[in-house]
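Each remark here refers to the structure printed beneath this line.
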Amino acid sequence: MTLAHDGEPLPCGVDVGLLVDQVAEGLPPVDPEHQATCEFCQAALADLEPLWGQVRELAREDVVVPGRLLATVMQAVRAEQIPGRAAGLSLRDVLPQLVSHALLVGERGTLRISDSVIAQILVREALATPGVSALDSGGVRSMLRATPGVEVTVDGSRVAVRLRLVVDLGLPIPEVLRAVRLRAAKAVRVMTGLETSAIDITVTDVRDSDH
């Protein structure tokens with residue numbers, strides 16, 4: 001993997017964010033001559049192209065909303081207020097809170113990535129981590145586009161994550177969780193250009209991997 005970590009530029013000095021913008025928005029290269037001959041830019045683009053394709057694929061997937069949740073949200077919308085908030089909120093104030101987006105502000109405009117897309121990336125990475133049996137949906141606060149077992153809070157270009165996991169019995173849990181954190185942070189950074197400010201994980205159960 002050639003992509004830089006923690007916001008660092010590539011060895012050639014190019015900001016990875018510019019390459020993310022280029023792939024995500026289909027923009028021309030900022031410096032075509034450099035990019036055409038730079039092994040680091042070419043390798044980074046080769047990584048980003050298929051990964052961003054996965055982001056687009058995830059964004060097209062339908063999110064199944066539990067009936068009770070949908071009914072609760074619609075009741076709140078009709079009343080023009082959200083439970084737990086002061087009465088009298090207008091519909092214009094309510095709707096932005098039902099869908100949350102992370103923002104990437106670039107020189108050529110703003111990219112918005114839905115929290116549900118980020119959540120599905122996290123689910124995929126968590127379940128692909130050896131030692132993770134399943135995600136547990138119990139107890140995690142949900143919004144309209146929430147994914148069971150995952151809670152994503154966005155703040156500009158940074159996201160905070162809460163995961164509830166079931167892990168395989170007999171494995172060292174701290175090592176499994178460390179692997180989940182590394183995979184999740186890397187996938188979010190590479191596939192979306194966002195950084196994770198926190199990844200909190202709760203293990204709710206263990207399961208015999210033979211069953």
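Lettering and numbering for the structure tokens are positional, with chains as A, B, ... in the shown order, residues counted from 1 in each chain, and ligands counted from 1 in the shown order.
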*Please provide the set of residues having any atom within 12 Å of A:Glu175, restricted to only C-alpha atoms, with same-chain residues fewer than 6 positions apart removed, written as a ChimeraX atom specification.*
/A:129-132,167-168,181-182
Among stretch 106-196 of chain A, which residues carry a DSSP assignment of helix (DSSP H, G or I), reported as a PDB file with C-alpha atoms, in the first residue's frame?
ATOM      1  CA  ASP A 115     -22.626   8.093   7.675  1.00  0.00           C
ATOM      2  CA  SER A 116     -24.388   4.958   6.416  1.00  0.00           C
ATOM      3  CA  VAL A 117     -21.647   4.461   3.809  1.00  0.00           C
ATOM      4  CA  ILE A 118     -18.989   4.791   6.507  1.00  0.00           C
ATOM      5  CA  ALA A 119     -20.923   2.350   8.699  1.00  0.00           C
ATOM      6  CA  GLN A 120     -21.053  -0.275   5.956  1.00  0.00           C
ATOM      7  CA  ILE A 121     -17.307   0.042   5.403  1.00  0.00           C
ATOM      8  CA  LEU A 122     -16.802  -0.532   9.127  1.00  0.00           C
ATOM      9  CA  VAL A 123     -19.093  -3.564   9.144  1.00  0.00           C
ATOM     10  CA  ARG A 124     -17.221  -5.120   6.240  1.00  0.00           C
ATOM     11  CA  GLU A 125     -13.828  -4.578   7.872  1.00  0.00           C
ATOM     12  CA  ALA A 126     -14.944  -5.764  11.312  1.00  0.00           C
ATOM     13  CA  LEU A 127     -16.437  -8.989   9.981  1.00  0.00           C
ATOM     14  CA  ILE A 173      -9.699 -10.339  22.904  1.00  0.00           C
ATOM     15  CA  PRO A 174      -7.317  -7.327  23.131  1.00  0.00           C
ATOM     16  CA  GLU A 175      -5.444  -8.538  20.053  1.00  0.00           C
ATOM     17  CA  VAL A 176      -8.674  -9.068  18.111  1.00  0.00           C
ATOM     18  CA  LEU A 177      -9.890  -5.565  18.991  1.00  0.00           C
ATOM     19  CA  ARG A 178      -6.527  -4.034  18.103  1.00  0.00           C
ATOM     20  CA  ALA A 179      -6.748  -5.671  14.678  1.00  0.00           C
ATOM     21  CA  VAL A 180     -10.305  -4.372  14.217  1.00  0.00           C
ATOM     22  CA  ARG A 181      -9.195  -0.830  15.049  1.00  0.00           C
ATOM     23  CA  LEU A 182      -6.284  -0.941  12.628  1.00  0.00           C
ATOM     24  CA  ARG A 183      -8.385  -2.355   9.781  1.00  0.00           C
ATOM     25  CA  ALA A 184     -11.271   0.022  10.397  1.00  0.00           C
ATOM     26  CA  ALA A 185      -9.153   3.180  10.608  1.00  0.00           C
ATOM     27  CA  LYS A 186      -7.165   2.252   7.507  1.00  0.00           C
ATOM     28  CA  ALA A 187     -10.248   1.375   5.447  1.00  0.00           C
ATOM     29  CA  VAL A 188     -12.052   4.605   6.361  1.00  0.00           C
ATOM     30  CA  ARG A 189      -8.948   6.673   5.586  1.00  0.00           C
ATOM     31  CA  VAL A 190      -8.154   4.991   2.270  1.00  0.00           C
ATOM     32  CA  MET A 191     -11.709   4.573   0.960  1.00  0.00           C
ATOM     33  CA  THR A 192     -13.098   7.958   2.022  1.00  0.00           C
TER      34      THR A 192
END
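The gap separating atom CA of A:Ala46 from atom CA of A:Leu58 is 19.4 Å, in Å to one decimal.
Distances to A:Thr204 were evaluated for A:Asp47, A:Glu25, A:Asp15, A:Asp136 using only C-alpha atoms, and the minimum falls at A:Asp136.
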